[in-house]
Amino acid sequence: MASKSVSAAAGSRQSSVSSTGSIDPFSVAQVYYGPETDFTTHKMSNLIRTRTLSTVQTRSSNNTPDYLKSVPRRRASQDAESLTPRKFLVDVNLTLQALLESEDTDGNMQITIEDLGPKVLQLGTANSNGFNKFDIRGTYMLSNLLQELTLAKEYGRKSIILDEQRLNENPVSRLSRLIRTQFWDSLTRRIDASLLEIIAVDPKNRSKDQSPRIYVPPTEKEQYEYYVKEASKRPHLNLQVEYLPATITAEWVKSVNEKAGLLALAMDHVVDEFTGQSTLRGKPFVVPGGRFNELYGWDSYMIALGLLVDGRVDLAKGILENFIFEINNYGKILNANRSYYLCRSQPPFLTDLALKVYEKTIFEPGALELLKESFKAAIVEYKQVWTSPPRLDQESGLSCYHPDGIGIPPETEASHFEHLLMPYAEKHKLSLEDFQRQYNDGIVKEPALDEYFVHDRAVRESGHDTTYRLEKRCANLATIDLNSLLYKYEVDIAHTIRTMFGDKLVLHDGSVETSASWDRRARRRKNLIDQYLWDEEKGMYFDYDIVQKKKSDYESATTFWAMWAGCASPKQAARLVSDALPKFEEFGGLVSGTERSRGVIGLDRPNRQWDYPYGWAPQQILAWVGLIRYGYEEDAERLVYRWLYMITKAFVDYNGIVVEKYDVTRPVDPHRVDAEYGNQGSDFKGVAKEGFGWVNASYTFGLTLITSHARRALGACTPPGLFYASQYSYV
Ligand SMILES: OC[C@H]1O[C@H](O[C@H]2O[C@H](CO)[C@@H](O)[C@H](O)[C@H]2O)[C@H](O)[C@@H](O)[C@@H]1O
Ligand SMILES: [Ca+2]
């Protein structure tokens, strides 16, 4: 590990105050509301004065605050005609109070289209010393005002000069700017002392023992000593540092469910800039957000796509290095790095991530070495996780999601299994809580439940937790999703070994890999996918049930993953576009599964979040890339537009909201999802600071796939039907 010196903050933050004292109206909150721009402490008249100033008023009124008395002001009458952007002089607390009182009529600390206020508030201009008033009108501007005031208050500001441009910014520019300059930073974590207070927090942990805990692999002695030392420096944290056993079994994982903890990740040796001593620093990564405050498997891949567009290669690389660490120390890329996820993985995307990071770092020292380490790790993961028992179905040669584990997944929301477990609790005359404990401890035996949880854990490994597609049978399904991803691994490994490593890659155990065997694996898997998963009559792929020995009939948007991976023939791709796509295309993009496949829902059969009518970012991204790969650019662009429109519209109408998933059939409030644990990302007061990882990424990435014309239409919130009707007569 190379020595680096510790730098203070994440790379994207720069001062936006120029030498003349003027501030970029779109600078990050930290700068915009930071001490540099505080005109009450600095005499920064340029912050207030607009450049068109022609006549200066020197007279101060009696109620002019002291800090403004020396400030030159423009002739009041010019404000109304000014072509230059306005600046407002705002008393933060008073304005915030007035704004919430009149506009947040439902009292949820957000200003949305559901609030019934007058939708107008006056602000005084800075040049007139607040005398000339202008209307701030409409939900979008008022909610932006709420967001800005909330931030200003958090930065301790009592008064601010606020650029009108910050309130009426094009929503596409605003959202992509916030993602780029703020959301990624808010979601960035590293596992080390600098962030322990934040990263140790686990809203999913319901165990009695709530002490923060970190588990360290037995071979990482240096990390262990580091954490022990850091824990002793922070006794208030009560951080428990523990070694993991050399062999991790399902029994052991279950045994620590009441002592849940973080799992250590990759670290660098660095020189502490304050002490000059060598120390460790965690490699950064980005969490999904909401209740998900750890490094996730497939979320991270999607997030990395956005990071790479936004120039945050450091973070994408950190994710990659942490994945390699996980494979080398935990045997797999984990569902996420908490103890209760130790037996479980998630959909694999490592080879594609490694190639994308390599493309962006090609001229950096160590780039090829990192690519090599990534591919060595991917081969180990492929062989030991995805194509070994119990995940490999020997008979078909295809793979299934099928993690190990015992008992009830402890990370789920408390009520998730109530409906399922209540009859068992009644049968054993136990309270629900006692039944759960006794069942987990093996005191009461219920083989049917054991079987249920094998599949439930598999559902969670699939990332599609939960859906009627997979319930009660996931471990028996050779899914089109997983097998497409494994095909992509095989193709990537063959190609990379051949073109980058002289057709020879020596693994850590000394074994040698060449491209030929990976070419063969890919060819074989394509044949198996055609044989077991392709339905010629329906023109799409389905999952294959290895026990019932027949295809499932659930229509899932994962059918398009075959196009992403490149394992569909051009003819199959054409059928997917003509026959399957119309089944999934909804107002806001692709729906996870069709309504017909989901079936009737009701009190006894509640909605599942990965079923109709919900749409998820990874489904959109993989389909877009797949469609483009086969030349269906128009279809891809239309789907991108639908998805981005839905996100933008919710962002505009609902106080800057960006959530985990959307109801793609609802044009008005698509963020409203109450299935399972609700929607992550919606629970904020005043201002959203994180969005949600993969949705942020889908936005950033999606914008690279549409024309500038479409981007302009999006900024004007032009509904998809209207936008495409203006372009193509057939829509
Ligand atoms: O706690 C319930 C489940 O939550 C996770 O699943 C959901 O969020 C993940 C993070 O965004 C995402 O990867 C997954 O696709 C979502 O369904 C977690 O992964 C599950 O294991 C967990 O049981
Ligand atoms: Ca409200």
# chains A, B, ... in the order shown; residues from 1 in each chain; ligands from 1
$ residues_around --residues "stretch 397-403 of chain A" --least-positions-apart "5" --cutoff "6 Å" --atoms "only C-alpha atoms" --output "PyMOL selection string"
chain A and resi 344+391-392+458+475+477-478
$ residues_around --residues "A:Val659" --least-positions-apart "4" --cutoff "6 Å" --atoms "only C-alpha atoms" --output "JSON, numbers by chain"
{"A": [680, 681, 692]}
$ write_last_selection --atoms "N, CA, C and O atoms" --output "short mmCIF file (atom, residue, chain, number, x, y, z; two decimals), in the first residue's frame"
data_model
loop_
_atom_site.label_atom_id
_atom_site.label_comp_id
_atom_site.auth_asym_id
_atom_site.auth_seq_id
_atom_site.Cartn_x
_atom_site.Cartn_y
_atom_site.Cartn_z
N GLN A 680 -37.20 5.08 0.71
CA GLN A 680 -36.03 5.72 1.31
C GLN A 680 -35.74 7.00 0.55
O GLN A 680 -35.82 7.04 -0.68
N GLY A 681 -35.35 8.02 1.29
CA GLY A 681 -35.02 9.29 0.64
C GLY A 681 -36.12 10.33 0.79
O GLY A 681 -35.93 11.49 0.45
N PHE A 692 -30.85 9.43 -3.50
CA PHE A 692 -30.64 8.01 -3.24
C PHE A 692 -29.64 7.51 -4.27
O PHE A 692 -29.76 7.79 -5.46
#
$ residues_near_ligand --ligand "ligand 1" --cutoff "7 Å" --atoms "only C-alpha atoms and all ligand atoms" --output "list in words"
Lys204, Pro288, Phe292, Tyr296, Gly297, Trp298, Asp299, Asn335, Pro409, Glu411, Thr412, Glu413, Arg460, Glu461, Gly463, His464, Asp465 and Thr466 of chain A
$ write_last_selection --atoms "N, CA and C atoms" --output "mmCIF file, in the first residue's frame"
data_model
loop_
_atom_site.group_PDB
_atom_site.id
_atom_site.type_symbol
_atom_site.label_atom_id
_atom_site.label_comp_id
_atom_site.auth_asym_id
_atom_site.auth_seq_id
_atom_site.Cartn_x
_atom_site.Cartn_y
_atom_site.Cartn_z
ATOM 1 N N LYS A 204 -31.003 -0.431 10.794
ATOM 2 C CA LYS A 204 -31.637 -1.749 10.646
ATOM 3 C C LYS A 204 -31.396 -2.644 11.864
ATOM 4 N N PRO A 288 -25.956 3.648 -0.327
ATOM 5 C CA PRO A 288 -27.193 3.968 -1.053
ATOM 6 C C PRO A 288 -27.964 5.141 -0.436
ATOM 7 N N PHE A 292 -29.825 2.507 4.509
ATOM 8 C CA PHE A 292 -28.725 1.683 3.982
ATOM 9 C C PHE A 292 -27.406 2.440 4.069
ATOM 10 N N TYR A 296 -22.896 -1.490 -0.375
ATOM 11 C CA TYR A 296 -23.732 -2.526 -0.989
ATOM 12 C C TYR A 296 -23.074 -3.071 -2.249
ATOM 13 N N GLY A 297 -23.533 -4.256 -2.665
ATOM 14 C CA GLY A 297 -22.979 -4.899 -3.848
ATOM 15 C C GLY A 297 -23.418 -4.221 -5.134
ATOM 16 N N TRP A 298 -24.620 -4.523 -5.573
ATOM 17 C CA TRP A 298 -25.001 -4.013 -6.898
ATOM 18 C C TRP A 298 -25.349 -2.531 -6.884
ATOM 19 N N ASP A 299 -25.811 -2.006 -5.758
ATOM 20 C CA ASP A 299 -26.013 -0.549 -5.686
ATOM 21 C C ASP A 299 -24.714 0.160 -6.058
ATOM 22 N N ASN A 335 -23.590 -8.731 0.194
ATOM 23 C CA ASN A 335 -24.827 -7.947 0.083
ATOM 24 C C ASN A 335 -24.521 -6.544 0.613
ATOM 25 N N PRO A 409 -33.905 -13.362 8.574
ATOM 26 C CA PRO A 409 -32.975 -12.248 8.323
ATOM 27 C C PRO A 409 -33.234 -11.104 9.304
ATOM 28 N N GLU A 411 -32.157 -8.109 9.530
ATOM 29 C CA GLU A 411 -32.076 -6.712 9.095
ATOM 30 C C GLU A 411 -33.393 -6.201 8.522
ATOM 31 N N THR A 412 -34.367 -7.099 8.373
ATOM 32 C CA THR A 412 -35.613 -6.644 7.753
ATOM 33 C C THR A 412 -36.416 -5.819 8.764
ATOM 34 N N GLU A 413 -37.351 -5.065 8.264
ATOM 35 C CA GLU A 413 -38.156 -4.246 9.161
ATOM 36 C C GLU A 413 -38.997 -5.169 10.049
ATOM 37 N N ARG A 460 -33.121 -11.987 -1.279
ATOM 38 C CA ARG A 460 -32.309 -10.833 -0.866
ATOM 39 C C ARG A 460 -30.968 -10.825 -1.591
ATOM 40 N N GLU A 461 -30.439 -12.008 -1.860
ATOM 41 C CA GLU A 461 -29.191 -12.051 -2.625
ATOM 42 C C GLU A 461 -29.423 -11.561 -4.059
ATOM 43 N N GLY A 463 -31.082 -9.192 -4.915
ATOM 44 C CA GLY A 463 -31.264 -7.734 -4.936
ATOM 45 C C GLY A 463 -32.721 -7.346 -5.127
ATOM 46 N N HIS A 464 -33.553 -8.312 -5.520
ATOM 47 C CA HIS A 464 -34.966 -8.018 -5.795
ATOM 48 C C HIS A 464 -35.822 -8.398 -4.592
ATOM 49 N N ASP A 465 -35.463 -7.843 -3.459
ATOM 50 C CA ASP A 465 -36.232 -8.178 -2.272
ATOM 51 C C ASP A 465 -37.276 -7.098 -2.040
ATOM 52 N N THR A 466 -38.529 -7.434 -2.176
ATOM 53 C CA THR A 466 -39.077 -8.737 -2.469
ATOM 54 C C THR A 466 -40.047 -8.626 -3.644
#
$ residues_near_ligand --ligand "ligand 2" --cutoff "7 Å" --atoms "only C-alpha atoms and all ligand atoms" --output "JSON, numbers by chain"
{"A": [104, 105, 106, 107, 108, 109, 110, 111, 112, 114, 115]}
$ write_last_selection --atoms "all heavy atoms" --output "mmCIF file, in the first residue's frame"
data_model
loop_
_atom_site.group_PDB
_atom_site.id
_atom_site.type_symbol
_atom_site.label_atom_id
_atom_site.label_comp_id
_atom_site.auth_asym_id
_atom_site.auth_seq_id
_atom_site.Cartn_x
_atom_site.Cartn_y
_atom_site.Cartn_z
ATOM 1 N N ASP A 104 -46.289 25.935 4.006
ATOM 2 C CA ASP A 104 -46.257 24.498 4.343
ATOM 3 C C ASP A 104 -47.535 24.156 5.076
ATOM 4 O O ASP A 104 -47.558 23.926 6.283
ATOM 5 C CB ASP A 104 -45.025 24.197 5.210
ATOM 6 C CG ASP A 104 -44.964 22.731 5.617
ATOM 7 O OD1 ASP A 104 -45.593 21.897 4.922
ATOM 8 O OD2 ASP A 104 -44.312 22.420 6.629
ATOM 9 N N THR A 105 -48.634 24.111 4.345
ATOM 10 C CA THR A 105 -49.934 24.020 5.018
ATOM 11 C C THR A 105 -50.181 22.640 5.635
ATOM 12 O O THR A 105 -50.996 22.502 6.522
ATOM 13 C CB THR A 105 -51.088 24.386 4.058
ATOM 14 O OG1 THR A 105 -51.022 23.519 2.930
ATOM 15 C CG2 THR A 105 -50.985 25.841 3.612
ATOM 16 N N ASP A 106 -49.473 21.612 5.158
ATOM 17 C CA ASP A 106 -49.669 20.306 5.812
ATOM 18 C C ASP A 106 -48.596 20.036 6.863
ATOM 19 O O ASP A 106 -48.519 18.950 7.446
ATOM 20 C CB ASP A 106 -49.763 19.157 4.796
ATOM 21 C CG ASP A 106 -48.506 19.023 3.941
ATOM 22 O OD1 ASP A 106 -47.495 19.702 4.253
ATOM 23 O OD2 ASP A 106 -48.531 18.248 2.970
ATOM 24 N N GLY A 107 -47.738 21.010 7.095
ATOM 25 C CA GLY A 107 -46.808 20.944 8.220
ATOM 26 C C GLY A 107 -45.765 19.845 8.152
ATOM 27 O O GLY A 107 -45.287 19.376 9.181
ATOM 28 N N ASN A 108 -45.353 19.423 6.949
ATOM 29 C CA ASN A 108 -44.347 18.346 6.886
ATOM 30 C C ASN A 108 -42.942 18.871 6.600
ATOM 31 O O ASN A 108 -42.042 18.109 6.242
ATOM 32 C CB ASN A 108 -44.745 17.277 5.862
ATOM 33 C CG ASN A 108 -44.711 17.799 4.439
ATOM 34 O OD1 ASN A 108 -44.607 19.018 4.215
ATOM 35 N ND2 ASN A 108 -44.810 16.900 3.484
ATOM 36 N N MET A 109 -42.757 20.172 6.739
ATOM 37 C CA MET A 109 -41.444 20.794 6.519
ATOM 38 C C MET A 109 -40.959 20.640 5.084
ATOM 39 O O MET A 109 -39.769 20.607 4.808
ATOM 40 C CB MET A 109 -40.381 20.236 7.477
ATOM 41 C CG MET A 109 -40.661 20.484 8.933
ATOM 42 S SD MET A 109 -40.582 22.222 9.329
ATOM 43 C CE MET A 109 -38.830 22.500 9.366
ATOM 44 N N GLN A 110 -41.903 20.511 4.169
ATOM 45 C CA GLN A 110 -41.576 20.496 2.744
ATOM 46 C C GLN A 110 -42.644 21.341 2.052
ATOM 47 O O GLN A 110 -43.785 21.374 2.513
ATOM 48 C CB GLN A 110 -41.609 19.071 2.170
ATOM 49 C CG GLN A 110 -40.612 18.135 2.827
ATOM 50 C CD GLN A 110 -40.754 16.680 2.359
ATOM 51 O OE1 GLN A 110 -41.513 16.368 1.448
ATOM 52 N NE2 GLN A 110 -40.030 15.786 3.013
ATOM 53 N N ILE A 111 -42.270 21.997 0.987
ATOM 54 C CA ILE A 111 -43.284 22.739 0.229
ATOM 55 C C ILE A 111 -43.511 21.985 -1.075
ATOM 56 O O ILE A 111 -42.585 21.807 -1.879
ATOM 57 C CB ILE A 111 -42.835 24.188 -0.014
ATOM 58 C CG1 ILE A 111 -42.763 24.906 1.339
ATOM 59 C CG2 ILE A 111 -43.807 24.899 -0.959
ATOM 60 C CD1 ILE A 111 -42.200 26.303 1.269
ATOM 61 N N THR A 112 -44.720 21.514 -1.219
ATOM 62 C CA THR A 112 -45.026 20.647 -2.356
ATOM 63 C C THR A 112 -46.311 21.107 -3.031
ATOM 64 O O THR A 112 -47.007 21.992 -2.525
ATOM 65 C CB THR A 112 -45.225 19.186 -1.891
ATOM 66 O OG1 THR A 112 -46.492 19.108 -1.218
ATOM 67 C CG2 THR A 112 -44.123 18.731 -0.946
ATOM 68 N N GLU A 114 -48.902 19.703 -2.911
ATOM 69 C CA GLU A 114 -50.042 19.346 -2.064
ATOM 70 C C GLU A 114 -50.330 20.406 -1.005
ATOM 71 O O GLU A 114 -51.364 20.362 -0.347
ATOM 72 C CB GLU A 114 -49.795 17.989 -1.407
ATOM 73 C CG GLU A 114 -49.911 16.889 -2.428
ATOM 74 C CD GLU A 114 -49.390 15.553 -1.959
ATOM 75 O OE1 GLU A 114 -49.236 15.350 -0.751
ATOM 76 O OE2 GLU A 114 -49.116 14.714 -2.841
ATOM 77 N N ASP A 115 -49.410 21.324 -0.815
ATOM 78 C CA ASP A 115 -49.652 22.417 0.127
ATOM 79 C C ASP A 115 -50.593 23.427 -0.515
ATOM 80 O O ASP A 115 -50.541 23.655 -1.729
ATOM 81 C CB ASP A 115 -48.328 23.088 0.506
ATOM 82 C CG ASP A 115 -47.510 22.208 1.437
ATOM 83 O OD1 ASP A 115 -48.064 21.766 2.459
ATOM 84 O OD2 ASP A 115 -46.333 21.945 1.116
#
$ select_by_dssp --residues "stretch 515-593 of chain A" --states "strand (DSSP E or B)" --output "PyMOL selection string"
chain A and resi 534-535+540-541+544-545+550-551+556+585-586+589-590+593
$ residues_around --residues "stretch 586-593 of chain A" --least-positions-apart "5" --cutoff "10 Å" --atoms "only C-alpha atoms" --output "count of residues only"
45
